[in-house]
Amino acid sequence: TNNYALHALKQNKVQHGTCIFAHNQTAGKGQMGKQWLANASKNITISVILDINDDIFNNPFSIMAFSGVVCSLFVKNKIQACTRVKWPNDIYINDKKAGGILIETSKSNNKRFAIIGIGLNVNEDNFPKELKNAISLKQITGENYDIVPLTKLFWTDIINYFEEWKKLSLNQMVEEYNNLLFKKNEEVKLKKQNIIFTGIVKGVNKYGELELNNSIYDTCSFGTVEWLINKKK
């Protein structure tokens with residue numbers, strides 16, 4: 001859906017707020033070139049186009065934080081379960097991955113746009129064996145969701161919250177993100193190159209860097225480290 005949105009944007013066929021929805025996404029992509037897997041008609045797979053010309057979005061973390069917060073709040077309010085943002089932009093429910101976000105930017109008519117690609121596990125109940133840490137909304141609540149109305153509700157929340165988000169300062173955005181941060185104040189295991197290390201998650205700063213205590217690294221930039229979750233030493 002991100003590829004479709006980027007192509008349509010370059011052809012001036014879409015505008016701020018446009019949502020691209022796929023019943024069946026056969027070439028889903030995630031962060032760092034990874035593949036996003038989703039069975040047909042069981043999950044939310046969308047891309048939302050947002051106008052990011054406001055000065056606050058000159059800092060890339062502002063749109064990254066927005067995406068994580070709005071997705072986490074939507075899931076949390078829908079199923080009333082502990083929902084967090086795993087840095088940089090995965091959605092976790094009860095320590096398991098329920099969704100992922102891929103943000104890409106482009107220009108059209110000299111205006112900057114963000115394409116927010118979102119994959120959310122909704123009615124999935126048969127994950128591939130390699131996805132041992134995945135979970136869906138249905139597995140939490142036992143409810144089978146009607147995907148199209150749920151997606152429309154999600155899209156409405158994204159658009160409405162975006163207008164509120166633009167009114168915040170960068171410090172407030174950082175605070176909102178850190179309030180929902182996965183494993184905050186807890187010890188985590190990470191891998192950078194060939195070095196495995198532990199540290200206590202302090203938060204994420206305005207540059208989008210993960211800040212750690214008791215670690216050989218004080219900060220980690222996105223794309224430089226791998227989380228080691230539920231993996232044996």
# chains A, B, ... in the order shown; residues from 1 in each chain; ligands from 1
$ residues_around --residues "A:Leu170" --least-positions-apart "5" --cutoff "12 Å" --atoms "only C-alpha atoms" --output "ChimeraX atom specification"
/A:55-66,165,175-177,205-208
$ residues_around --residues "A:Ser106" --least-positions-apart "2" --cutoff "9 Å" --atoms "only C-alpha atoms" --output "ChimeraX atom specification"
/A:6,9-10,104,108,111-115
$ write_last_selection --atoms "all heavy atoms" --output "PDB file, in the first residue's frame"
ATOM      1  N   LEU A   6       2.744   6.070  -2.788  1.00  0.00           N
ATOM      2  CA  LEU A   6       3.844   6.885  -3.315  1.00  0.00           C
ATOM      3  C   LEU A   6       3.659   7.164  -4.801  1.00  0.00           C
ATOM      4  O   LEU A   6       3.875   8.288  -5.267  1.00  0.00           O
ATOM      5  CB  LEU A   6       5.175   6.170  -3.075  1.00  0.00           C
ATOM      6  CG  LEU A   6       5.715   6.211  -1.647  1.00  0.00           C
ATOM      7  CD1 LEU A   6       6.808   5.166  -1.458  1.00  0.00           C
ATOM      8  CD2 LEU A   6       6.247   7.598  -1.299  1.00  0.00           C
ATOM      9  N   LEU A   9       0.763   9.589  -5.274  1.00  0.00           N
ATOM     10  CA  LEU A   9       1.140  10.930  -4.839  1.00  0.00           C
ATOM     11  C   LEU A   9       1.948  11.648  -5.914  1.00  0.00           C
ATOM     12  O   LEU A   9       1.731  12.836  -6.188  1.00  0.00           O
ATOM     13  CB  LEU A   9       1.935  10.834  -3.540  1.00  0.00           C
ATOM     14  CG  LEU A   9       2.237  12.139  -2.799  1.00  0.00           C
ATOM     15  CD1 LEU A   9       0.962  12.848  -2.381  1.00  0.00           C
ATOM     16  CD2 LEU A   9       3.111  11.860  -1.573  1.00  0.00           C
ATOM     17  N   LYS A  10       2.865  10.943  -6.533  1.00  0.00           N
ATOM     18  CA  LYS A  10       3.683  11.547  -7.583  1.00  0.00           C
ATOM     19  C   LYS A  10       2.852  11.939  -8.793  1.00  0.00           C
ATOM     20  O   LYS A  10       3.208  12.853  -9.545  1.00  0.00           O
ATOM     21  CB  LYS A  10       4.797  10.577  -7.988  1.00  0.00           C
ATOM     22  CG  LYS A  10       5.869  10.411  -6.922  1.00  0.00           C
ATOM     23  CD  LYS A  10       6.945   9.431  -7.345  1.00  0.00           C
ATOM     24  CE  LYS A  10       8.010   9.293  -6.257  1.00  0.00           C
ATOM     25  NZ  LYS A  10       9.054   8.299  -6.631  1.00  0.00           N
ATOM     26  N   GLU A 104       7.363   6.509   5.156  1.00  0.00           N
ATOM     27  CA  GLU A 104       8.146   6.993   4.028  1.00  0.00           C
ATOM     28  C   GLU A 104       7.675   8.404   3.692  1.00  0.00           C
ATOM     29  O   GLU A 104       6.526   8.758   3.945  1.00  0.00           O
ATOM     30  CB  GLU A 104       7.991   6.063   2.825  1.00  0.00           C
ATOM     31  CG  GLU A 104       8.503   4.652   3.110  1.00  0.00           C
ATOM     32  CD  GLU A 104       8.341   3.717   1.928  1.00  0.00           C
ATOM     33  OE1 GLU A 104       7.254   3.121   1.809  1.00  0.00           O
ATOM     34  OE2 GLU A 104       9.284   3.580   1.148  1.00  0.00           O
ATOM     35  N   SER A 108       5.116  16.436  -3.330  1.00  0.00           N
ATOM     36  CA  SER A 108       4.161  16.608  -4.424  1.00  0.00           C
ATOM     37  C   SER A 108       3.759  18.076  -4.462  1.00  0.00           C
ATOM     38  O   SER A 108       3.341  18.626  -3.429  1.00  0.00           O
ATOM     39  CB  SER A 108       2.928  15.720  -4.206  1.00  0.00           C
ATOM     40  OG  SER A 108       1.988  15.908  -5.245  1.00  0.00           O
ATOM     41  N   LYS A 111       5.195  20.273  -1.784  1.00  0.00           N
ATOM     42  CA  LYS A 111       4.747  20.039  -0.412  1.00  0.00           C
ATOM     43  C   LYS A 111       5.257  18.677   0.049  1.00  0.00           C
ATOM     44  O   LYS A 111       5.368  17.738  -0.743  1.00  0.00           O
ATOM     45  CB  LYS A 111       3.220  20.093  -0.315  1.00  0.00           C
ATOM     46  CG  LYS A 111       2.633  21.449  -0.649  1.00  0.00           C
ATOM     47  CD  LYS A 111       1.118  21.434  -0.575  1.00  0.00           C
ATOM     48  CE  LYS A 111       0.620  21.316   0.849  1.00  0.00           C
ATOM     49  NZ  LYS A 111      -0.862  21.423   0.938  1.00  0.00           N
ATOM     50  N   ARG A 112       5.552  18.578   1.340  1.00  0.00           N
ATOM     51  CA  ARG A 112       6.060  17.329   1.901  1.00  0.00           C
ATOM     52  C   ARG A 112       4.914  16.485   2.446  1.00  0.00           C
ATOM     53  O   ARG A 112       4.016  17.000   3.123  1.00  0.00           O
ATOM     54  CB  ARG A 112       7.071  17.605   3.011  1.00  0.00           C
ATOM     55  CG  ARG A 112       8.360  18.264   2.532  1.00  0.00           C
ATOM     56  CD  ARG A 112       9.388  18.351   3.650  1.00  0.00           C
ATOM     57  NE  ARG A 112       8.872  19.079   4.797  1.00  0.00           N
ATOM     58  CZ  ARG A 112       8.816  18.593   6.030  1.00  0.00           C
ATOM     59  NH1 ARG A 112       9.233  17.374   6.284  1.00  0.00           N
ATOM     60  NH2 ARG A 112       8.343  19.329   7.018  1.00  0.00           N
ATOM     61  N   PHE A 113       4.978  15.220   2.173  1.00  0.00           N
ATOM     62  CA  PHE A 113       3.968  14.289   2.666  1.00  0.00           C
ATOM     63  C   PHE A 113       4.650  13.089   3.319  1.00  0.00           C
ATOM     64  O   PHE A 113       5.733  12.677   2.912  1.00  0.00           O
ATOM     65  CB  PHE A 113       3.071  13.784   1.527  1.00  0.00           C
ATOM     66  CG  PHE A 113       2.158  14.823   0.956  1.00  0.00           C
ATOM     67  CD1 PHE A 113       2.583  15.629  -0.096  1.00  0.00           C
ATOM     68  CD2 PHE A 113       0.889  15.016   1.469  1.00  0.00           C
ATOM     69  CE1 PHE A 113       1.753  16.590  -0.634  1.00  0.00           C
ATOM     70  CE2 PHE A 113       0.040  15.981   0.943  1.00  0.00           C
ATOM     71  CZ  PHE A 113       0.482  16.777  -0.116  1.00  0.00           C
ATOM     72  N   ALA A 114       3.978  12.555   4.328  1.00  0.00           N
ATOM     73  CA  ALA A 114       4.405  11.297   4.939  1.00  0.00           C
ATOM     74  C   ALA A 114       3.402  10.223   4.559  1.00  0.00           C
ATOM     75  O   ALA A 114       2.189  10.463   4.568  1.00  0.00           O
ATOM     76  CB  ALA A 114       4.479  11.428   6.454  1.00  0.00           C
ATOM     77  N   ILE A 115       3.903   9.072   4.182  1.00  0.00           N
ATOM     78  CA  ILE A 115       3.048   7.908   3.932  1.00  0.00           C
ATOM     79  C   ILE A 115       3.234   6.967   5.110  1.00  0.00           C
ATOM     80  O   ILE A 115       4.321   6.420   5.317  1.00  0.00           O
ATOM     81  CB  ILE A 115       3.400   7.213   2.604  1.00  0.00           C
ATOM     82  CG1 ILE A 115       3.109   8.137   1.417  1.00  0.00           C
ATOM     83  CG2 ILE A 115       2.598   5.927   2.454  1.00  0.00           C
ATOM     84  CD1 ILE A 115       4.246   9.025   1.029  1.00  0.00           C
TER      85      ILE A 115
END
$ closest_residue --among "A:Ser215, A:Glu209, A:Asn89, A:Gln11" --to "A:Lys189" --atoms "only C-alpha atoms"
A:Ser215
$ closest_residue --among "A:Val148, A:Arg84, A:Gly142, A:Leu120" --to "A:His23" --atoms "only C-alpha atoms"
A:Val148
$ select_by_dssp --residues "stretch 3-229 of chain A" --states "strand (DSSP E)" --output "ChimeraX atom specification"
/A:19-21,44-51,83-86,90-93,96-108,111-120,187-192,195-204,210-213,219-220,226-227
$ closest_residue --among "A:Ile140, A:Ile103, A:Pro88, A:Tyr4" --to "A:Glu211" --atoms "only C-alpha atoms"
A:Pro88
$ atom_distance --atom1 "atom CA of A:Asn77" --atom2 "atom CA of A:Thr156"
14.0 Å
$ decode --residues "stretch 145-156 of chain A" --atoms "all heavy atoms" --output "tab-separated table (two decimals), in the first residue's frame"
chain	number	residue	atom	x	y	z
A	145	TYR	N	-13.58	-9.51	14.27
A	145	TYR	CA	-13.87	-8.11	13.89
A	145	TYR	C	-14.22	-7.98	12.42
A	145	TYR	O	-13.69	-8.71	11.57
A	145	TYR	CB	-12.66	-7.23	14.21
A	145	TYR	CG	-12.34	-7.16	15.68
A	145	TYR	CD1	-11.48	-8.10	16.26
A	145	TYR	CD2	-12.89	-6.18	16.49
A	145	TYR	CE1	-11.18	-8.04	17.61
A	145	TYR	CE2	-12.58	-6.11	17.84
A	145	TYR	CZ	-11.73	-7.05	18.40
A	145	TYR	OH	-11.44	-6.99	19.74
A	146	ASP	N	-15.11	-7.05	12.13
A	146	ASP	CA	-15.44	-6.68	10.75
A	146	ASP	C	-14.38	-5.69	10.29
A	146	ASP	O	-14.33	-4.55	10.76
A	146	ASP	CB	-16.84	-6.05	10.69
A	146	ASP	CG	-17.37	-5.97	9.27
A	146	ASP	OD1	-16.55	-5.91	8.33
A	146	ASP	OD2	-18.61	-5.93	9.09
A	147	ILE	N	-13.51	-6.12	9.38
A	147	ILE	CA	-12.30	-5.37	9.05
A	147	ILE	C	-12.59	-3.99	8.46
A	147	ILE	O	-11.94	-3.00	8.84
A	147	ILE	CB	-11.42	-6.18	8.08
A	147	ILE	CG1	-10.90	-7.45	8.78
A	147	ILE	CG2	-10.24	-5.33	7.60
A	147	ILE	CD1	-9.97	-7.18	9.94
A	148	VAL	N	-13.52	-3.88	7.52
A	148	VAL	CA	-13.74	-2.60	6.84
A	148	VAL	C	-14.24	-1.51	7.80
A	148	VAL	O	-13.65	-0.42	7.85
A	148	VAL	CB	-14.67	-2.77	5.63
A	148	VAL	CG1	-15.01	-1.40	5.03
A	148	VAL	CG2	-14.00	-3.64	4.57
A	149	PRO	N	-15.28	-1.74	8.59
A	149	PRO	CA	-15.70	-0.70	9.54
A	149	PRO	C	-14.62	-0.37	10.57
A	149	PRO	O	-14.46	0.80	10.96
A	149	PRO	CB	-16.93	-1.31	10.23
A	149	PRO	CG	-17.44	-2.32	9.26
A	149	PRO	CD	-16.23	-2.87	8.59
A	150	LEU	N	-13.86	-1.39	11.00
A	150	LEU	CA	-12.79	-1.15	11.96
A	150	LEU	C	-11.70	-0.27	11.34
A	150	LEU	O	-11.17	0.64	12.00
A	150	LEU	CB	-12.19	-2.48	12.41
A	150	LEU	CG	-11.12	-2.39	13.51
A	150	LEU	CD1	-11.74	-1.90	14.81
A	150	LEU	CD2	-10.44	-3.74	13.72
A	151	THR	N	-11.40	-0.51	10.08
A	151	THR	CA	-10.40	0.30	9.39
A	151	THR	C	-10.87	1.74	9.24
A	151	THR	O	-10.08	2.68	9.42
A	151	THR	CB	-10.09	-0.30	8.00
A	151	THR	OG1	-9.61	-1.63	8.16
A	151	THR	CG2	-9.03	0.53	7.28
A	152	LYS	N	-12.13	1.94	8.91
A	152	LYS	CA	-12.67	3.29	8.78
A	152	LYS	C	-12.59	4.04	10.11
A	152	LYS	O	-12.26	5.24	10.15
A	152	LYS	CB	-14.12	3.24	8.29
A	152	LYS	CG	-14.26	2.82	6.84
A	152	LYS	CD	-15.73	2.81	6.41
A	152	LYS	CE	-15.86	2.43	4.94
A	152	LYS	NZ	-17.28	2.38	4.51
A	153	LEU	N	-12.88	3.33	11.19
A	153	LEU	CA	-12.78	3.94	12.52
A	153	LEU	C	-11.34	4.31	12.83
A	153	LEU	O	-11.06	5.40	13.36
A	153	LEU	CB	-13.32	2.96	13.56
A	153	LEU	CG	-13.32	3.45	15.02
A	153	LEU	CD1	-14.24	4.65	15.18
A	153	LEU	CD2	-13.78	2.32	15.95
A	154	PHE	N	-10.42	3.44	12.50
A	154	PHE	CA	-8.99	3.68	12.71
A	154	PHE	C	-8.53	4.90	11.90
A	154	PHE	O	-7.85	5.79	12.42
A	154	PHE	CB	-8.23	2.43	12.30
A	154	PHE	CG	-6.77	2.42	12.65
A	154	PHE	CD1	-6.24	3.29	13.59
A	154	PHE	CD2	-5.90	1.52	12.05
A	154	PHE	CE1	-4.88	3.28	13.92
A	154	PHE	CE2	-4.55	1.49	12.36
A	154	PHE	CZ	-4.05	2.38	13.29
A	155	TRP	N	-8.92	4.94	10.64
A	155	TRP	CA	-8.56	6.07	9.76
A	155	TRP	C	-9.08	7.39	10.32
A	155	TRP	O	-8.37	8.40	10.34
A	155	TRP	CB	-9.09	5.81	8.36
A	155	TRP	CG	-9.02	7.01	7.45
A	155	TRP	CD1	-7.90	7.54	6.88
A	155	TRP	CD2	-10.12	7.81	7.02
A	155	TRP	NE1	-8.24	8.63	6.10
A	155	TRP	CE2	-9.59	8.82	6.18
A	155	TRP	CE3	-11.49	7.78	7.24
A	155	TRP	CZ2	-10.39	9.79	5.57
A	155	TRP	CZ3	-12.30	8.74	6.64
A	155	TRP	CH2	-11.74	9.73	5.82
A	156	THR	N	-10.32	7.38	10.80
A	156	THR	CA	-10.90	8.59	11.39
A	156	THR	C	-10.10	9.05	12.60
A	156	THR	O	-9.83	10.25	12.78
A	156	THR	CB	-12.36	8.35	11.79
A	156	THR	OG1	-13.11	7.97	10.63
A	156	THR	CG2	-12.98	9.61	12.39
